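Working notes, beginning with the structure itself.
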Amino acid sequence: MRLDSFTLLVAFCAAMIFLGFALLYFWNLDRASKWLLWWSMPFLIGGAAVIPYMRPDWASDFYSIGFGNAARITALCLLWQGARVFERRKPFVLVVLLTPVVWIGLCLIPPFFASMAARVVGVSLFNAAFCALAAYELWRGRAEALASRKPAIVVLLTFTALMLLRVATVNLLPFPMGALPLDPVWMGIFNLAVFVHASFLGFLLIALTKERREAEQRGFAILDPLTGLMNRRAFMSQVERSGRRRKFGREPLALLVLDLDHFKSINDRFGHDVGDRVLVAFATVAEACARPADQLYRMGGEEFCFILPDTTLLDAIAVAERVRKAFADNSVQTGRGRASATVSIGVAMTDHAGCDLELLLAAADAAVYEAKARGRNRVVVADPIALRQATPYPDSDFVQRRKSA
């Protein structure tokens with residue numbers, strides 16, 4: 001049974017509006033995901049903009065051609081703006097406002113309005129440009145690894161290719177693919193292609209939001225809420241991963257254990273709020289002194305641990321000294337004067353014994369004890385012999401080990 005063009009248009013209109021309301025529904029559940037609101041508009045407007053084609057005289061009617069196409073073009077412009085908002089960039093509101101004005105202005109030019117080929121080419125170029133720009137925005141944010149990002153880019157680019165194909169075949173194929181008289185078969189093919197692209201894209205846009213939220217939740221689970229550094233759970237996950245490998249490769253690796261000196265006295269004198277500010281100050285100093293590849297963890301209380309990959313002993317000591325000196329010069333202003341502290345640092349190296357993270361942690365922890373015994377505010381390197389003899393201590397004991405240090 002052959003479906004007539006009216007039935008196809010009704011089905012396409014209903015599907016687009018359904019996807020628009022689905023995106024709107026998910027935005028209502030998560031108002032912080034503003035891009036879902038932007039992305040719902042293209043589907044709602046695009047679906048409603050199909051309605052003028054259901055008029056019997058659409059081929060020569062200014063309302064259908066002028067305002068209908070203006071709505072469809074603007075819908076894809078909104079899709080592009082939604083991609084910008086998703087990538088945490090400001091939308092170009094002025095472009096959204098000018099897009100329908102430019103199209104209506106073109107339709108007011110009699111030769112352009114009278115030419116089906118010119119209108120097909122014009123609409124197709126607008127659509128191709130906005131879809132390509134939306135794909136570009138998602139590609140620019142590729143540093144955020146989301147599983148649905150690449151498929152969404154592919155869908156946008158294939159639709160861009162479809163629009164460019166319309167331009168190339170405008171005088172060869174019937175409407176809606178080209179400018180020749182309408183053919184119901186080609187109407188079905190074109191609507192099916194657009195429907196497939198729109199459906200996949202709608203689901204992928206929802207999936208992108210879900211994946212981002214899940215990634216953020218995973219981030220919350222491994223980040224220390226006070227300092228923003230990775231937490232003890234993240235470190236133990238790293239230990240587990242390294243344990244599966246058992247040994248590190250040939251690249252040297254350093255592990256630093258850092259313990260703030262006399263931190264309890266800061267809490268006793270200034271209060272825990274100031275103590276928290278000192279911890280935040282230390283994290284800020286440490287991040288400024290560390291290198292991009294270094295992994296910084298807050299293990300609990302005033303204890304921190306840094307993993308320095310592909311690092312020699314001299315480089316590790318240099319990083320530790322930068323942190324120590326910078327923090328010693330740092331202070332927190334309070335209503336009762338300046339609160340300042342120092343840090344003792346223990347360093348352990350894999351090139352001494354090729355050991356795993358647990359052994360490195362035990363050796364560096366012992367080196368911190370030595371730094372405390374020598375007067376604090378200093379860097380001590382673990383004895384290679386002690387490193388070979390180090391015994392990993394139970395995970396649950398780590399945070400409780402130096403309350404009196």
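The way I read the labels, and the way they are meant: chains A, B, ... in the order of the structure tokens, residue 1 as the first residue of every chain, and ligand 1 as the first ligand shown, with later ones counted on from there.
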Excluding Val257 in chain A and residues on its chain fewer than 2 positions from it, collect all residues at most 12 Å away from it, counting only C-alpha atoms, and give them as a PDB file with C-alpha atoms, in the first residue's frame.
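The resulting file, around-v9.pdb, is reproduced below:
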```pdb
ATOM      1  CA  ALA A 254      57.783   8.750  42.645  1.00  0.00           C
ATOM      2  CA  LEU A 255      55.275   8.783  45.466  1.00  0.00           C
ATOM      3  CA  ASP A 259      51.577  15.752  56.261  1.00  0.00           C
ATOM      4  CA  LEU A 260      50.819  19.244  57.570  1.00  0.00           C
ATOM      5  CA  LEU A 296      47.245  14.681  43.798  1.00  0.00           C
ATOM      6  CA  TYR A 297      45.176  12.995  46.509  1.00  0.00           C
ATOM      7  CA  ARG A 298      43.848  14.032  49.889  1.00  0.00           C
ATOM      8  CA  MET A 299      44.009  10.878  51.968  1.00  0.00           C
ATOM      9  CA  GLY A 300      42.131  12.283  54.944  1.00  0.00           C
ATOM     10  CA  GLU A 302      45.852  16.794  56.939  1.00  0.00           C
ATOM     11  CA  GLU A 303      47.457  13.933  54.992  1.00  0.00           C
ATOM     12  CA  PHE A 304      48.034  14.037  51.246  1.00  0.00           C
ATOM     13  CA  CYS A 305      49.651  11.772  48.698  1.00  0.00           C
ATOM     14  CA  PHE A 306      51.065  12.638  45.273  1.00  0.00           C
ATOM     15  CA  ILE A 307      51.910  10.196  42.497  1.00  0.00           C
ATOM     16  CA  LEU A 308      54.520  11.600  40.116  1.00  0.00           C
ATOM     17  CA  ALA A 316      60.569  14.412  42.687  1.00  0.00           C
ATOM     18  CA  ALA A 320      58.429  18.382  46.922  1.00  0.00           C
ATOM     19  CA  VAL A 323      55.432  22.615  47.529  1.00  0.00           C
ATOM     20  CA  ARG A 324      57.169  22.848  50.903  1.00  0.00           C
ATOM     21  CA  VAL A 343      54.447  20.485  55.688  1.00  0.00           C
ATOM     22  CA  SER A 344      56.685  17.445  56.080  1.00  0.00           C
ATOM     23  CA  ILE A 345      57.169  15.331  52.971  1.00  0.00           C
ATOM     24  CA  GLY A 346      58.383  11.773  52.449  1.00  0.00           C
ATOM     25  CA  VAL A 347      59.547  10.617  49.009  1.00  0.00           C
ATOM     26  CA  ALA A 348      59.779   7.040  47.713  1.00  0.00           C
ATOM     27  CA  MET A 349      60.964   5.929  44.278  1.00  0.00           C
ATOM     28  CA  LEU A 357      52.126   1.574  45.136  1.00  0.00           C
ATOM     29  CA  LEU A 360      55.898   2.968  47.979  1.00  0.00           C
ATOM     30  CA  LEU A 361      53.207   4.372  50.275  1.00  0.00           C
ATOM     31  CA  ALA A 362      54.593   2.520  53.283  1.00  0.00           C
ATOM     32  CA  ALA A 363      58.138   3.687  52.525  1.00  0.00           C
ATOM     33  CA  ALA A 364      57.127   7.311  51.940  1.00  0.00           C
ATOM     34  CA  ASP A 365      55.062   7.242  55.110  1.00  0.00           C
ATOM     35  CA  ALA A 366      58.108   6.086  57.037  1.00  0.00           C
ATOM     36  CA  ALA A 367      60.080   8.927  55.466  1.00  0.00           C
ATOM     37  CA  VAL A 368      57.472  11.398  56.769  1.00  0.00           C
ATOM     38  CA  TYR A 369      58.028  10.040  60.278  1.00  0.00           C
ATOM     39  CA  GLU A 370      61.715  10.726  59.784  1.00  0.00           C
ATOM     40  CA  ALA A 371      60.969  14.270  58.579  1.00  0.00           C
ATOM     41  CA  ARG A 378      61.476  19.248  55.416  1.00  0.00           C
ATOM     42  CA  VAL A 379      61.703  16.664  52.627  1.00  0.00           C
ATOM     43  CA  VAL A 380      63.095  13.210  53.400  1.00  0.00           C
ATOM     44  CA  VAL A 381      63.760  10.475  50.831  1.00  0.00           C
ATOM     45  CA  ALA A 382      62.986   6.908  51.864  1.00  0.00           C
ATOM     46  CA  PHE A 398      46.143   4.881  56.991  1.00  0.00           C
TER      47      PHE A 398
END
```
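For Arg269 in chain A, the non-local neighbours within 12 Å, defined as residues at least 5 positions apart in the same chain or in other chains and counting only C-alpha atoms, are His262, Phe263, Lys264, Val274, Gly275, Thr334, Gly335, Arg336, Gly337, Arg338, Ala339 and Ser340 of chain A.
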Could you save those same residues with N, CA and C atoms as a short mmCIF file (atom, residue, chain, number, x, y, z; two decimals), in the first residue's frame?
```cif
data_model
loop_
_atom_site.label_atom_id
_atom_site.label_comp_id
_atom_site.auth_asym_id
_atom_site.auth_seq_id
_atom_site.Cartn_x
_atom_site.Cartn_y
_atom_site.Cartn_z
N HIS A 262 51.73 20.24 62.88
CA HIS A 262 51.00 20.88 63.98
C HIS A 262 49.62 21.38 63.54
N PHE A 263 48.96 20.61 62.69
CA PHE A 263 47.67 21.07 62.17
C PHE A 263 46.61 21.11 63.28
N LYS A 264 46.73 20.21 64.23
CA LYS A 264 45.75 20.19 65.32
C LYS A 264 45.77 21.50 66.10
N VAL A 274 38.81 27.74 60.00
CA VAL A 274 40.13 28.21 59.56
C VAL A 274 40.99 27.01 59.15
N GLY A 275 40.88 25.91 59.89
CA GLY A 275 41.62 24.72 59.51
C GLY A 275 41.26 24.26 58.11
N THR A 334 42.86 35.64 59.29
CA THR A 334 41.68 35.41 60.13
C THR A 334 41.46 36.63 61.02
N GLY A 335 40.36 36.61 61.73
CA GLY A 335 40.07 37.71 62.65
C GLY A 335 40.99 37.73 63.85
N ARG A 336 41.72 36.65 64.05
CA ARG A 336 42.64 36.55 65.19
C ARG A 336 44.09 36.51 64.72
N GLY A 337 44.34 37.02 63.53
CA GLY A 337 45.70 37.02 63.00
C GLY A 337 45.85 36.04 61.86
N ARG A 338 47.08 35.85 61.42
CA ARG A 338 47.35 34.97 60.30
C ARG A 338 47.59 33.53 60.78
N ALA A 339 46.96 32.60 60.10
CA ALA A 339 47.15 31.18 60.38
C ALA A 339 48.06 30.60 59.31
N SER A 340 49.17 30.04 59.73
CA SER A 340 50.10 29.45 58.77
C SER A 340 50.56 28.10 59.30
#
```
Can you pull out every residue from range 109-330 of chain A that DSSP, working from the backbone, puts in alpha helix (DSSP H), and format the result as a compact mmCIF listing (two decimals) with C-alpha atoms, in the first residue's frame?
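File written: part-v1.txt
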```txt
# COMPACT_ATOMS: atom_id res chain seq x y z
CA PRO A 110 10.46 37.86 -6.56
CA PRO A 111 12.98 35.86 -8.68
CA PHE A 112 14.11 33.92 -5.62
CA PHE A 113 10.56 33.21 -4.41
CA ALA A 114 9.46 32.10 -7.87
CA MET A 116 11.80 26.21 -6.60
CA ALA A 117 15.46 25.37 -7.24
CA ALA A 118 16.67 28.55 -5.54
CA ARG A 119 14.52 27.88 -2.52
CA VAL A 120 15.66 24.25 -2.20
CA VAL A 121 19.29 25.31 -2.48
CA GLY A 122 18.81 28.16 0.00
CA VAL A 123 17.09 26.03 2.64
CA SER A 124 19.58 23.20 2.18
CA LEU A 125 22.61 25.48 2.60
CA PHE A 126 21.14 27.01 5.77
CA ASN A 127 20.40 23.56 7.18
CA ALA A 128 23.80 22.17 6.23
CA ALA A 129 25.61 25.13 7.80
CA PHE A 130 23.77 24.92 11.13
CA CYS A 131 24.12 21.13 11.42
CA ALA A 132 27.82 21.34 10.59
CA LEU A 133 28.27 24.05 13.23
CA ALA A 134 26.45 21.91 15.82
CA ALA A 135 28.75 18.99 14.97
CA TYR A 136 31.76 21.29 15.29
CA GLU A 137 30.68 22.45 18.75
CA LEU A 138 30.40 18.85 19.95
CA TRP A 139 33.75 18.04 18.39
CA ARG A 140 35.38 20.97 20.18
CA ARG A 149 29.45 12.26 21.45
CA LYS A 150 30.91 10.70 18.29
CA PRO A 151 27.63 9.11 17.16
CA ALA A 152 25.88 12.47 17.59
CA ILE A 153 28.56 14.16 15.51
CA VAL A 154 28.18 11.48 12.82
CA VAL A 155 24.40 11.94 12.67
CA LEU A 156 24.78 15.71 12.33
CA LEU A 157 27.39 15.34 9.60
CA THR A 158 25.40 12.77 7.63
CA PHE A 159 22.40 15.12 7.70
CA THR A 160 24.72 17.88 6.52
CA ALA A 161 25.76 15.60 3.66
CA LEU A 162 22.10 14.94 2.84
CA MET A 163 21.43 18.67 2.58
CA LEU A 164 24.48 19.17 0.36
CA LEU A 165 23.28 16.28 -1.81
CA ARG A 166 20.02 18.20 -2.31
CA VAL A 167 22.05 21.13 -3.56
CA ALA A 168 24.01 18.96 -5.96
CA PRO A 184 5.29 10.58 -3.31
CA VAL A 185 8.06 7.96 -3.42
CA TRP A 186 10.78 10.56 -3.03
CA MET A 187 8.67 12.28 -0.38
CA GLY A 188 8.65 9.02 1.57
CA ILE A 189 12.38 8.48 1.11
CA PHE A 190 13.21 12.02 2.17
CA ASN A 191 10.89 11.99 5.18
CA LEU A 192 12.25 8.61 6.24
CA ALA A 193 15.82 9.91 6.05
CA VAL A 194 14.96 13.01 8.05
CA PHE A 195 12.96 10.97 10.57
CA VAL A 196 15.83 8.50 11.11
CA HIS A 197 18.32 11.32 11.62
CA ALA A 198 15.99 13.22 13.96
CA SER A 199 15.12 10.12 16.00
CA PHE A 200 18.72 9.01 16.45
CA LEU A 201 19.78 12.53 17.26
CA GLY A 202 17.02 13.02 19.81
CA PHE A 203 17.97 9.86 21.69
CA LEU A 204 21.68 10.69 21.46
CA LEU A 205 21.11 14.17 22.90
CA ILE A 206 19.32 12.64 25.87
CA ALA A 207 22.11 10.05 26.19
CA LEU A 208 24.77 12.79 26.18
CA THR A 209 23.07 14.45 29.13
CA LYS A 210 22.74 11.15 31.00
CA GLU A 211 26.40 10.29 30.38
CA ARG A 212 27.55 13.71 31.57
CA ARG A 213 25.54 13.42 34.77
CA GLU A 214 26.87 9.91 35.43
CA ALA A 215 30.43 11.13 34.86
CA GLU A 216 29.82 13.99 37.29
CA GLN A 217 28.51 11.55 39.89
CA ARG A 218 31.59 9.38 39.45
CA GLY A 219 33.67 12.52 39.86
CA PHE A 220 31.87 13.41 43.09
CA ALA A 221 32.65 9.91 44.40
CA ILE A 222 36.40 10.26 43.85
CA ARG A 232 41.43 8.29 49.26
CA ARG A 233 38.96 6.14 47.34
CA ALA A 234 40.51 7.29 44.08
CA PHE A 235 43.97 6.48 45.39
CA MET A 236 42.94 2.98 46.45
CA SER A 237 41.43 2.43 42.99
CA GLN A 238 44.79 3.39 41.54
CA VAL A 239 46.46 0.94 43.92
CA GLU A 240 44.08 -1.80 42.76
CA ARG A 241 44.79 -1.07 39.10
CA SER A 242 48.52 -1.08 39.70
CA GLY A 243 48.14 -4.29 41.70
CA ARG A 244 46.61 -6.01 38.70
CA ARG A 245 49.70 -5.04 36.73
CA PHE A 263 47.67 21.07 62.17
CA LYS A 264 45.75 20.19 65.32
CA SER A 265 47.03 23.36 66.98
CA ILE A 266 45.54 25.44 64.14
CA ASN A 267 42.14 23.87 64.69
CA ASP A 268 42.44 24.37 68.46
CA ARG A 269 43.51 28.02 68.17
CA PHE A 270 41.48 29.29 65.22
CA HIS A 272 37.88 24.11 62.25
CA ASP A 273 36.66 26.66 59.71
CA VAL A 274 40.13 28.21 59.56
CA GLY A 275 41.62 24.72 59.51
CA ASP A 276 39.54 23.95 56.42
CA ARG A 277 40.78 27.15 54.79
CA VAL A 278 44.37 26.11 55.48
CA LEU A 279 43.72 22.75 53.85
CA VAL A 280 42.22 24.49 50.80
CA ALA A 281 45.22 26.84 50.69
CA PHE A 282 47.56 23.85 50.74
CA ALA A 283 45.68 22.16 47.90
CA THR A 284 45.88 25.37 45.85
CA VAL A 285 49.62 25.69 46.49
CA ALA A 286 50.21 22.02 45.69
CA GLU A 287 48.33 22.17 42.40
CA ALA A 288 50.27 25.28 41.40
CA CYS A 289 53.61 23.61 42.17
CA LEU A 313 64.50 11.27 42.15
CA LEU A 314 65.88 14.77 41.55
CA ASP A 315 62.65 15.86 39.85
CA ALA A 316 60.57 14.41 42.69
CA ILE A 317 62.63 16.27 45.27
CA ALA A 318 62.30 19.46 43.22
CA VAL A 319 58.49 19.15 43.19
CA ALA A 320 58.43 18.38 46.92
CA GLU A 321 60.66 21.35 47.73
CA ARG A 322 58.52 23.69 45.62
CA VAL A 323 55.43 22.61 47.53
CA ARG A 324 57.17 22.85 50.90
CA LYS A 325 58.62 26.33 50.34
CA ALA A 326 55.49 27.75 48.74
CA PHE A 327 53.26 26.50 51.55
CA ALA A 328 55.65 27.76 54.24
```
